[in-house]
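Structure file entry.csv; described as CSV, C-alpha atoms.
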```
chain,number,residue,atom,x,y,z
P,202,MET,CA,-25.7,9.0,-23.2
P,203,LYS,CA,-25.8,6.0,-21.0
P,204,LEU,CA,-22.5,5.1,-19.4
P,205,PRO,CA,-20.8,1.8,-20.3
P,206,ASP,CA,-22.0,-1.1,-18.2
P,207,ILE,CA,-19.1,-1.6,-15.8
P,208,VAL,CA,-20.7,-4.4,-13.9
P,209,GLN,CA,-21.3,-6.4,-17.0
P,210,ALA,CA,-17.8,-5.8,-18.2
P,211,PHE,CA,-16.3,-7.2,-15.0
P,212,LYS,CA,-18.7,-10.2,-15.2
P,213,ALA,CA,-17.6,-10.9,-18.8
P,214,VAL,CA,-14.0,-10.6,-17.9
P,215,CYS,CA,-14.2,-12.8,-14.8
P,216,SER,CA,-16.2,-15.4,-16.7
P,217,ARG,CA,-13.4,-16.1,-19.1
P,218,ASP,CA,-10.7,-16.5,-16.4
P,219,THR,CA,-8.8,-19.7,-17.0
P,220,GLY,CA,-6.5,-19.4,-14.1
P,221,ALA,CA,-5.1,-15.9,-14.5
P,222,LEU,CA,-6.8,-14.7,-11.3
P,223,LEU,CA,-4.8,-17.1,-9.2
P,224,TRP,CA,-1.7,-15.1,-10.1
P,225,GLY,CA,-0.4,-13.0,-7.2
P,226,ASN,CA,-0.8,-9.8,-9.2
P,227,PRO,CA,-3.9,-10.2,-11.3
P,228,GLU,CA,-4.6,-6.6,-12.0
P,229,PRO,CA,-2.7,-6.3,-15.3
P,230,TRP,CA,-4.7,-9.2,-16.7
P,231,ILE,CA,-8.0,-7.6,-15.6
P,232,HIS,CA,-6.7,-4.3,-17.1
P,233,ALA,CA,-6.1,-5.8,-20.6
P,234,GLU,CA,-9.3,-7.8,-20.6
P,235,LEU,CA,-11.4,-4.8,-19.5
P,236,PHE,CA,-10.0,-2.8,-22.4
P,237,ALA,CA,-10.8,-5.6,-24.8
P,238,GLU,CA,-14.4,-5.8,-23.4
P,239,PHE,CA,-15.0,-2.1,-23.7
P,240,LYS,CA,-13.6,-2.2,-27.2
P,241,LYS,CA,-16.0,-5.0,-28.1
P,242,GLN,CA,-18.9,-3.2,-26.5
P,243,SER,CA,-18.1,0.1,-28.3
P,244,GLN,CA,-20.1,-0.9,-31.4
P,245,PHE,CA,-23.3,-0.7,-29.5
P,246,SER,CA,-22.4,1.3,-26.4
P,247,GLY,CA,-21.1,4.3,-28.3
P,248,TRP,CA,-18.1,4.5,-25.8
P,249,VAL,CA,-14.6,4.0,-27.2
P,250,PRO,CA,-11.6,3.3,-24.9
P,251,PHE,CA,-8.2,4.9,-25.6
P,252,ASP,CA,-5.7,2.1,-26.2
P,253,VAL,CA,-3.2,3.6,-23.8
P,254,GLU,CA,-3.3,4.9,-20.2
P,255,VAL,CA,-4.1,8.7,-20.5
P,256,PRO,CA,-2.6,11.4,-18.2
P,257,TYR,CA,-4.8,13.8,-16.4
P,258,VAL,CA,-4.2,16.6,-13.9
P,259,THR,CA,-5.5,16.3,-10.3
P,260,ASN,CA,-5.4,18.6,-7.4
P,261,TYR,CA,-5.4,15.7,-5.0
P,262,PRO,CA,-2.6,13.4,-6.1
P,263,VAL,CA,-2.1,9.8,-4.8
P,264,GLN,CA,1.6,10.5,-4.8
P,265,ILE,CA,3.1,14.0,-4.5
P,266,PRO,CA,5.6,14.8,-7.3
P,267,LYS,CA,9.1,16.0,-6.6
P,268,PRO,CA,9.3,19.8,-6.4
P,269,SER,CA,11.8,19.8,-9.2
P,270,ASN,CA,9.3,18.0,-11.5
P,271,ARG,CA,6.1,20.0,-10.8
P,272,ASP,CA,4.7,22.5,-8.2
P,273,TRP,CA,1.5,20.5,-7.5
P,274,LYS,CA,0.1,23.1,-5.1
P,275,LEU,CA,-0.1,25.6,-8.0
P,276,GLN,CA,-0.3,23.3,-11.0
P,277,GLY,CA,-1.8,20.1,-9.8
P,278,ALA,CA,-0.1,16.7,-10.3
P,279,VAL,CA,-0.2,14.3,-13.2
P,280,LYS,CA,-1.8,10.9,-12.8
P,281,TRP,CA,-2.2,8.3,-15.5
P,282,VAL,CA,-5.8,6.9,-15.5
P,283,ASP,CA,-6.3,3.1,-15.9
P,284,LEU,CA,-8.9,3.5,-18.7
P,285,CYS,CA,-10.3,6.5,-20.4
P,286,LEU,CA,-13.3,6.3,-22.7
P,287,HIS,CA,-15.0,8.9,-24.9
P,288,THR,CA,-18.2,8.9,-26.9
P,289,MET,CA,-18.3,8.5,-30.7
P,290,ASN,CA,-20.9,11.2,-30.9
P,291,GLY,CA,-21.1,14.3,-28.6
P,292,ASN,CA,-18.4,15.1,-26.2
P,293,GLN,CA,-18.5,12.9,-23.1
P,294,TRP,CA,-15.7,11.3,-21.2
P,295,CYS,CA,-15.5,8.5,-18.7
P,296,TRP,CA,-12.4,8.3,-16.5
P,297,PHE,CA,-12.1,4.9,-14.9
P,298,GLU,CA,-9.8,3.8,-12.2
P,299,PHE,CA,-9.8,0.3,-10.6
P,300,LYS,CA,-8.1,-1.8,-8.0
P,301,VAL,CA,-8.0,-5.6,-7.9
P,302,ARG,CA,-6.9,-7.5,-4.7
P,303,HIS,CA,-7.1,-11.0,-3.4
P,304,ALA,CA,-9.0,-11.3,-0.1
P,305,GLY,CA,-6.7,-11.7,2.9
P,306,GLU,CA,-6.7,-15.1,4.6
P,307,LEU,CA,-7.4,-15.7,8.3
P,308,GLU,CA,-5.8,-13.2,10.6
P,309,ARG,CA,-4.7,-11.0,7.6
P,310,ALA,CA,-8.2,-10.6,6.2
P,311,GLN,CA,-8.9,-7.3,8.0
P,312,LYS,CA,-5.4,-5.9,7.4
P,313,ALA,CA,-5.7,-6.7,3.6
P,314,ALA,CA,-9.2,-5.1,3.5
P,315,LEU,CA,-8.0,-1.9,5.2
P,316,GLU,CA,-5.0,-1.6,2.9
P,317,ALA,CA,-7.2,-2.1,-0.2
P,318,ARG,CA,-9.7,0.5,1.0
P,319,ASP,CA,-6.8,3.0,1.6
P,320,ALA,CA,-5.6,2.5,-2.0
P,321,PHE,CA,-9.2,2.7,-3.3
P,322,ARG,CA,-10.0,6.0,-1.5
P,323,LYS,CA,-6.9,7.6,-2.9
P,324,ASP,CA,-7.9,6.8,-6.5
P,325,ILE,CA,-11.4,8.2,-5.8
P,326,VAL,CA,-10.0,11.4,-4.4
P,327,ALA,CA,-7.5,11.8,-7.3
P,328,LEU,CA,-10.5,11.7,-9.7
P,329,LEU,CA,-12.4,14.2,-7.5
P,330,GLY,CA,-9.5,16.5,-8.0
P,331,PHE,CA,-9.7,16.3,-11.8
P,332,ASP,CA,-8.9,19.5,-13.6
P,333,ALA,CA,-10.1,19.6,-17.3
P,334,ASN,CA,-8.3,22.8,-18.3
P,335,ALA,CA,-5.0,21.7,-16.8
P,336,THR,CA,-5.4,18.3,-18.5
P,337,GLY,CA,-5.8,20.0,-21.8
P,338,ASP,CA,-2.7,22.1,-21.1
P,339,ILE,CA,-0.5,19.0,-20.5
P,340,TRP,CA,-1.8,17.4,-23.6
P,341,GLN,CA,-0.9,20.5,-25.6
P,342,GLU,CA,2.4,21.6,-23.9
P,343,TYR,CA,3.7,18.3,-22.5
P,344,ASP,CA,7.0,18.3,-20.6
P,345,PHE,CA,9.8,15.8,-20.1
P,346,PHE,CA,8.0,14.2,-17.2
P,347,THR,CA,4.7,13.8,-19.0
P,348,THR,CA,5.2,12.7,-22.6
P,349,ALA,CA,5.1,9.7,-24.9
P,350,TYR,CA,5.6,9.4,-28.7
P,351,TRP,CA,1.8,9.0,-29.2
P,352,PHE,CA,0.7,12.3,-27.6
P,353,GLU,CA,0.6,14.0,-31.0
P,354,SER,CA,-1.5,11.4,-32.7
P,355,ILE,CA,-3.8,10.3,-29.9
P,356,LEU,CA,-4.2,13.2,-27.4
P,357,LYS,CA,-3.7,16.4,-29.4
P,358,PRO,CA,-6.8,16.0,-31.6
P,359,HIS,CA,-8.9,16.0,-28.4
P,360,ILE,CA,-7.4,19.0,-26.5
P,361,ASN,CA,-10.4,21.3,-27.0
P,362,GLU,CA,-12.9,18.5,-26.4
P,363,VAL,CA,-11.4,17.5,-23.0
P,364,ARG,CA,-11.5,21.1,-21.8
P,365,VAL,CA,-15.2,21.6,-22.4
P,366,GLY,CA,-16.6,18.0,-22.4
P,367,LYS,CA,-18.9,16.4,-19.9
P,368,HIS,CA,-16.9,14.2,-17.6
P,369,HIS,CA,-18.0,11.1,-15.7
P,370,PHE,CA,-15.9,9.3,-13.1
P,371,ILE,CA,-15.9,5.7,-11.9
P,372,SER,CA,-13.6,4.0,-9.4
P,373,ALA,CA,-14.0,0.3,-8.9
P,374,PHE,CA,-12.6,-2.3,-6.4
P,375,LEU,CA,-12.7,-6.0,-7.2
P,376,GLN,CA,-12.0,-8.3,-4.3
P,377,LEU,CA,-11.1,-11.8,-5.5
P,378,GLY,CA,-12.6,-14.5,-3.3
P,379,GLY,CA,-13.2,-14.4,0.4
P,380,GLU,CA,-16.0,-12.7,2.4
P,381,MET,CA,-16.6,-9.0,2.0
P,382,ASP,CA,-16.0,-7.2,5.3
P,383,THR,CA,-19.3,-5.3,5.5
P,384,GLU,CA,-18.1,-2.9,8.1
P,385,ILE,CA,-14.9,-1.8,6.3
P,386,TRP,CA,-16.7,-1.6,3.0
P,387,SER,CA,-19.9,0.0,4.1
P,388,GLN,CA,-21.0,3.1,2.2
P,389,ASP,CA,-20.6,5.2,5.3
P,390,ALA,CA,-17.1,4.0,5.9
P,391,ILE,CA,-16.1,4.6,2.3
P,392,ARG,CA,-17.5,8.1,2.3
P,393,LYS,CA,-15.8,9.0,5.6
P,394,GLN,CA,-12.5,7.7,4.3
P,395,VAL,CA,-12.8,9.6,1.0
P,396,TYR,CA,-13.7,12.8,2.9
P,397,SER,CA,-10.7,12.3,5.3
P,398,TRP,CA,-8.2,11.9,2.5
P,399,GLN,CA,-9.6,14.8,0.5
P,400,ALA,CA,-9.4,17.0,3.6
P,401,TYR,CA,-5.8,16.0,4.1
P,402,ARG,CA,-4.8,16.9,0.6
P,403,CYS,CA,-6.6,20.2,0.8
P,404,LYS,CA,-4.9,21.1,4.0
P,405,GLN,CA,-1.5,20.3,2.4
P,406,ARG,CA,-2.4,22.6,-0.5
P,407,GLY,CA,-3.7,25.3,1.7
P,408,ALA,CA,-7.0,25.2,-0.1
P,409,GLU,CA,-10.5,25.3,1.1
P,410,LEU,CA,-12.2,21.9,1.2
P,411,ASN,CA,-15.1,21.8,-1.2
P,412,GLU,CA,-18.0,19.5,-0.6
P,413,SER,CA,-17.5,16.1,-2.1
P,414,LYS,CA,-19.6,15.1,-5.1
P,415,ASN,CA,-22.8,13.1,-4.6
P,416,LEU,CA,-21.1,9.8,-4.8
P,417,LYS,CA,-23.1,6.8,-5.9
P,418,ILE,CA,-21.7,3.7,-4.1
P,419,THR,CA,-22.9,0.2,-5.1
P,420,SER,CA,-21.6,-3.3,-4.4
P,421,CYS,CA,-22.5,-6.7,-5.9
P,422,PRO,CA,-21.1,-10.2,-6.2
P,423,ILE,CA,-19.3,-11.2,-9.4
P,424,GLY,CA,-19.3,-15.0,-9.1
P,425,TYR,CA,-17.1,-15.8,-6.2
P,426,HIS,CA,-15.8,-12.2,-6.1
P,427,TRP,CA,-17.1,-8.9,-4.9
P,428,LEU,CA,-17.2,-5.6,-6.9
P,429,ILE,CA,-17.6,-2.1,-5.4
P,430,LEU,CA,-18.3,0.9,-7.6
P,431,VAL,CA,-18.1,4.6,-6.8
P,432,GLU,CA,-19.5,6.9,-9.5
P,433,TRP,CA,-20.3,10.5,-10.0
```

Could you express the structure from this file as structure tokens?
Amino acid sequence: MKLPDIVQAFKAVCSRDTGALLWGNPEPWIHAELFAEFKKQSQFSGWVPFDVEVPYVTNYPVQIPKPSNRDWKLQGAVKWVDLCLHTMNGNQWCWFEFKVRHAGELERAQKAALEARDAFRKDIVALLGFDANATGDIWQEYDFFTTAYWFESILKPHINEVRVGKHHFISAFLQLGGEMDTEIWSQDAIRKQVYSWQAYRCKQRGAELNESKNLKITSCPIGYHWLILVEW
């Protein structure tokens, strides 16, 4: 099944901005509006978004959990994905992370871009470390550190599906305003940064570094903004 149109979703959301993107922390607004857009599209796209952030297990966490909470080197770490969509028919999943940042101004432009790319690559690598079986395990036998009252009604019905389903992964970065630094955000630079962070996490785990997936990297303007997508 064709994946949801991420670019069109961002275009639709940004087109109905009435000033929210001027806020210093615009990501929560984008988050809620993207959910609403995917929900609206679901009637013809076939992809339905969960109406909560969903936990998954990754072998390459953005933040390492406390040893008293979870032995991440053996069990992986838990991360809550920004949006998770699944198909009405069949058993396909789309795990979607995104970052939204204002472009830095003047002398801070390069520093802001580097900080944004660092956060972006960590999201990508976390998704590269996705473990379907372990994700099903935490949905079935959740613990004090990974639980919510809605697990029983929302996640448990999908335990077997998530373990054997076909999984798609998308990480997006939306830069609000400004010029895109083509050197920092080139495909080669992104791939090198992803590989570097993945190698670092593997070294920490004492695990062999597997070859990264064949990442599809695209960028396009969204009005006065820039969108970068990494998909596999």

List every residue of range 249-327 of chain P that has an atom at most 9 Å from any atom of range 386-389 of chain P, and for each one report the closest atom pair and its distance in Å to one decimal, counting all atoms listed in the file, with rows sorted by chain and then by increasing residue number, as JSON lines.
```
{"residue": "P:Ala314", "atom": "CA", "partner": "P:Trp386", "partner_atom": "CA", "distance": 8.3}
{"residue": "P:Leu315", "atom": "CA", "partner": "P:Trp386", "partner_atom": "CA", "distance": 9.0}
{"residue": "P:Arg318", "atom": "CA", "partner": "P:Trp386", "partner_atom": "CA", "distance": 7.6}
```

| Distance in Å - CA of Val365 in chain P versus CA of Asp252 in chain P |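 So the two atoms, CA of Val365 in chain P and CA of Asp252 in chain P, lie 22.0 Å apart.
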
| task | For CA of Leu375 in chain P and CA of Leu428 in chain P, quote the distance in Å rounded to one decimal. | result |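 That distance, rounded to one decimal, is 4.5 Å.
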
| request: Name the residues in contact with Leu235 in chain P at a cut-off of 8 Å, using only C-alpha atoms, excluding same-chain residues fewer than 2 positions from it; report them as a list in words. | output: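 So, after excluding close chain neighbours, the residues are Ala210, Phe211, Val214, Ile231, His232, Ala233, Ala237, Glu238 and Phe239 of chain P.
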
| message | With distances taken over only C-alpha atoms, which residue among P:Pro266, P:Pro358, P:Gly225, P:Gly291 lies nearest Gln341 in chain P? | response |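 Under the stated criterion, the closest residue is P:Pro358.
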
| said: Between CA of Phe321 in chain P and CA of Pro205 in chain P, what is the distance in Å, rounded to a tenth? | reply: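 If I compute the distance from CA of Phe321 in chain P to CA of Pro205 in chain P, I get 20.6 Å.
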
| message | Under the rule that only C-alpha atoms are counted, which of P:Glu254, P:Glu380, P:Glu342, P:Asp218 is the nearest residue to Ala313 in chain P? | response | P:Glu380

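Look at Gly277 in chain P: the protein and nucleic acid residues within 8 Å of it, using only C-alpha atoms and passing over chain neighbours fewer than 3 places away, are Val258, Thr259, Asn260, Tyr261, Pro262, Arg271, Asp272, Trp273, Lys274 and Ala335 of chain P.
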
| field | Spatial neighbours of Met381 in chain P, 9 Å, all atoms listed in the file, chain gap at least 3 places, as number ranges by chain | value | P: 304, 314, 376, 378, 384-386, 426-427

| said: With only C-alpha atoms as the counted atoms, please give the residues lying no more than 10 Å from range 324-332 of chain P, apart from itself and same-chain residues fewer than 6 positions off, as an MDAnalysis selection string. | reply: chainID P and resid 257:264 276:280 282 296:300 318 363:364 368:373 394:400 402:403 413:414 416 431:433

| request: Find the residues near Pro250 in chain P: any atom within 10 Å, counting all atoms listed in the file, skip ones fewer than 6 places away on the same chain, and give them as a list of chain:residue names. | output: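 Once the nearby chain positions are removed, what remains is P:Leu235, P:Phe236, P:Ala237, P:Glu238, P:Phe239, P:Lys240, P:Lys241, P:Gln242, P:Ser243, P:Leu284, P:Cys285, P:Leu286, P:His287, P:Thr288, P:Trp294, P:Cys295, P:Trp296.
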
| message | So, with only C-alpha atoms as the atoms that count, which of P:Leu377, P:Leu356, P:Ala390, P:Val253 lies closest to Ala221 in chain P? | response |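 Among P:Leu377, P:Leu356, P:Ala390, P:Val253, it is P:Leu377 that comes nearest to Ala221 in chain P.
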
| So which one's closest to Ala317 in chain P, P:Tyr425, P:Trp230, P:Phe374, P:Trp340? Using all atoms listed in the file, please. |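 The closest residue to Ala317 in chain P is P:Phe374.
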
| task | List every protein, DNA or RNA residue with an atom no more than 9 Å from (-9.8, 23.1, -25.5) in the file's coordinates, counting all atoms listed in the file, and format the result as number ranges by chain. | result | P: 333-334, 337-338, 359-365

| query | Hey, which of P:Val249, P:Ile418, P:Ala320, P:Val255 ends up closest to Thr336 in chain P? Count only C-alpha atoms. | reply |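 Smallest distance to Thr336 in chain P is found for P:Val255.
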
| request: Determine the nearest neighbour of Asp283 in chain P from the options P:Tyr401, P:Tyr343, P:Phe251, P:Phe245, counting all atoms listed in the file. | output: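 Among the listed residues, the smallest separation from Asp283 in chain P belongs to P:Phe251.
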
Can you fill out range 210-234 of chain P with N, CA and C atoms and hand it back as a PDB file, in the coordinates of the input?
```pdb
ATOM      1  N   ALA P 210     -19.150  -5.593 -17.704  1.00  0.00           N
ATOM      2  CA  ALA P 210     -17.800  -5.800 -18.200  1.00  0.00           C
ATOM      3  C   ALA P 210     -16.960  -6.628 -17.268  1.00  0.00           C
ATOM      4  N   PHE P 211     -17.070  -6.378 -15.958  1.00  0.00           N
ATOM      5  CA  PHE P 211     -16.300  -7.200 -15.000  1.00  0.00           C
ATOM      6  C   PHE P 211     -16.839  -8.650 -15.017  1.00  0.00           C
ATOM      7  N   LYS P 212     -18.150  -8.823 -15.143  1.00  0.00           N
ATOM      8  CA  LYS P 212     -18.700 -10.200 -15.200  1.00  0.00           C
ATOM      9  C   LYS P 212     -18.162 -10.919 -16.423  1.00  0.00           C
ATOM     10  N   ALA P 213     -18.134 -10.233 -17.556  1.00  0.00           N
ATOM     11  CA  ALA P 213     -17.600 -10.900 -18.800  1.00  0.00           C
ATOM     12  C   ALA P 213     -16.178 -11.250 -18.651  1.00  0.00           C
ATOM     13  N   VAL P 214     -15.387 -10.363 -18.065  1.00  0.00           N
ATOM     14  CA  VAL P 214     -14.000 -10.600 -17.900  1.00  0.00           C
ATOM     15  C   VAL P 214     -13.715 -11.790 -16.955  1.00  0.00           C
ATOM     16  N   CYS P 215     -14.376 -11.746 -15.801  1.00  0.00           N
ATOM     17  CA  CYS P 215     -14.200 -12.800 -14.800  1.00  0.00           C
ATOM     18  C   CYS P 215     -14.655 -14.167 -15.313  1.00  0.00           C
ATOM     19  N   SER P 216     -15.682 -14.158 -16.169  1.00  0.00           N
ATOM     20  CA  SER P 216     -16.200 -15.400 -16.700  1.00  0.00           C
ATOM     21  C   SER P 216     -15.275 -16.134 -17.603  1.00  0.00           C
ATOM     22  N   ARG P 217     -14.337 -15.400 -18.225  1.00  0.00           N
ATOM     23  CA  ARG P 217     -13.400 -16.100 -19.100  1.00  0.00           C
ATOM     24  C   ARG P 217     -12.039 -16.303 -18.486  1.00  0.00           C
ATOM     25  N   ASP P 218     -11.985 -16.208 -17.169  1.00  0.00           N
ATOM     26  CA  ASP P 218     -10.700 -16.500 -16.400  1.00  0.00           C
ATOM     27  C   ASP P 218     -10.445 -18.012 -16.545  1.00  0.00           C
ATOM     28  N   THR P 219      -9.242 -18.348 -16.954  1.00  0.00           N
ATOM     29  CA  THR P 219      -8.800 -19.700 -17.000  1.00  0.00           C
ATOM     30  C   THR P 219      -7.662 -20.032 -16.067  1.00  0.00           C
ATOM     31  N   GLY P 220      -7.560 -19.193 -15.051  1.00  0.00           N
ATOM     32  CA  GLY P 220      -6.500 -19.400 -14.100  1.00  0.00           C
ATOM     33  C   GLY P 220      -5.696 -18.133 -13.803  1.00  0.00           C
ATOM     34  N   ALA P 221      -5.883 -17.084 -14.624  1.00  0.00           N
ATOM     35  CA  ALA P 221      -5.100 -15.900 -14.500  1.00  0.00           C
ATOM     36  C   ALA P 221      -5.323 -15.187 -13.123  1.00  0.00           C
ATOM     37  N   LEU P 222      -6.536 -15.324 -12.584  1.00  0.00           N
ATOM     38  CA  LEU P 222      -6.800 -14.700 -11.300  1.00  0.00           C
ATOM     39  C   LEU P 222      -6.198 -15.323 -10.117  1.00  0.00           C
ATOM     40  N   LEU P 223      -5.587 -16.483 -10.321  1.00  0.00           N
ATOM     41  CA  LEU P 223      -4.800 -17.100  -9.200  1.00  0.00           C
ATOM     42  C   LEU P 223      -3.457 -16.498  -9.076  1.00  0.00           C
ATOM     43  N   TRP P 224      -3.025 -15.751 -10.091  1.00  0.00           N
ATOM     44  CA  TRP P 224      -1.700 -15.100 -10.100  1.00  0.00           C
ATOM     45  C   TRP P 224      -1.693 -14.071  -8.930  1.00  0.00           C
ATOM     46  N   GLY P 225      -0.538 -13.890  -8.314  1.00  0.00           N
ATOM     47  CA  GLY P 225      -0.400 -13.000  -7.200  1.00  0.00           C
ATOM     48  C   GLY P 225      -0.715 -11.529  -7.523  1.00  0.00           C
ATOM     49  N   ASN P 226      -0.479 -11.132  -8.783  1.00  0.00           N
ATOM     50  CA  ASN P 226      -0.800  -9.800  -9.200  1.00  0.00           C
ATOM     51  C   ASN P 226      -1.690  -9.813 -10.427  1.00  0.00           C
ATOM     52  N   PRO P 227      -2.995 -10.018 -10.191  1.00  0.00           N
ATOM     53  CA  PRO P 227      -3.900 -10.200 -11.300  1.00  0.00           C
ATOM     54  C   PRO P 227      -4.404  -8.963 -11.993  1.00  0.00           C
ATOM     55  N   GLU P 228      -4.078  -7.801 -11.434  1.00  0.00           N
ATOM     56  CA  GLU P 228      -4.600  -6.600 -12.000  1.00  0.00           C
ATOM     57  C   GLU P 228      -4.271  -6.288 -13.431  1.00  0.00           C
ATOM     58  N   PRO P 229      -3.018  -6.523 -13.871  1.00  0.00           N
ATOM     59  CA  PRO P 229      -2.700  -6.300 -15.300  1.00  0.00           C
ATOM     60  C   PRO P 229      -3.547  -7.104 -16.249  1.00  0.00           C
ATOM     61  N   TRP P 230      -3.836  -8.348 -15.873  1.00  0.00           N
ATOM     62  CA  TRP P 230      -4.700  -9.200 -16.700  1.00  0.00           C
ATOM     63  C   TRP P 230      -6.099  -8.607 -16.818  1.00  0.00           C
ATOM     64  N   ILE P 231      -6.639  -8.212 -15.663  1.00  0.00           N
ATOM     65  CA  ILE P 231      -8.000  -7.600 -15.600  1.00  0.00           C
ATOM     66  C   ILE P 231      -7.946  -6.310 -16.495  1.00  0.00           C
ATOM     67  N   HIS P 232      -6.871  -5.542 -16.397  1.00  0.00           N
ATOM     68  CA  HIS P 232      -6.700  -4.300 -17.100  1.00  0.00           C
ATOM     69  C   HIS P 232      -6.863  -4.541 -18.651  1.00  0.00           C
ATOM     70  N   ALA P 233      -6.069  -5.471 -19.138  1.00  0.00           N
ATOM     71  CA  ALA P 233      -6.100  -5.800 -20.600  1.00  0.00           C
ATOM     72  C   ALA P 233      -7.433  -6.325 -21.022  1.00  0.00           C
ATOM     73  N   GLU P 234      -8.029  -7.178 -20.204  1.00  0.00           N
ATOM     74  CA  GLU P 234      -9.300  -7.800 -20.600  1.00  0.00           C
ATOM     75  C   GLU P 234     -10.450  -6.771 -20.531  1.00  0.00           C
TER      76      GLU P 234
END
```
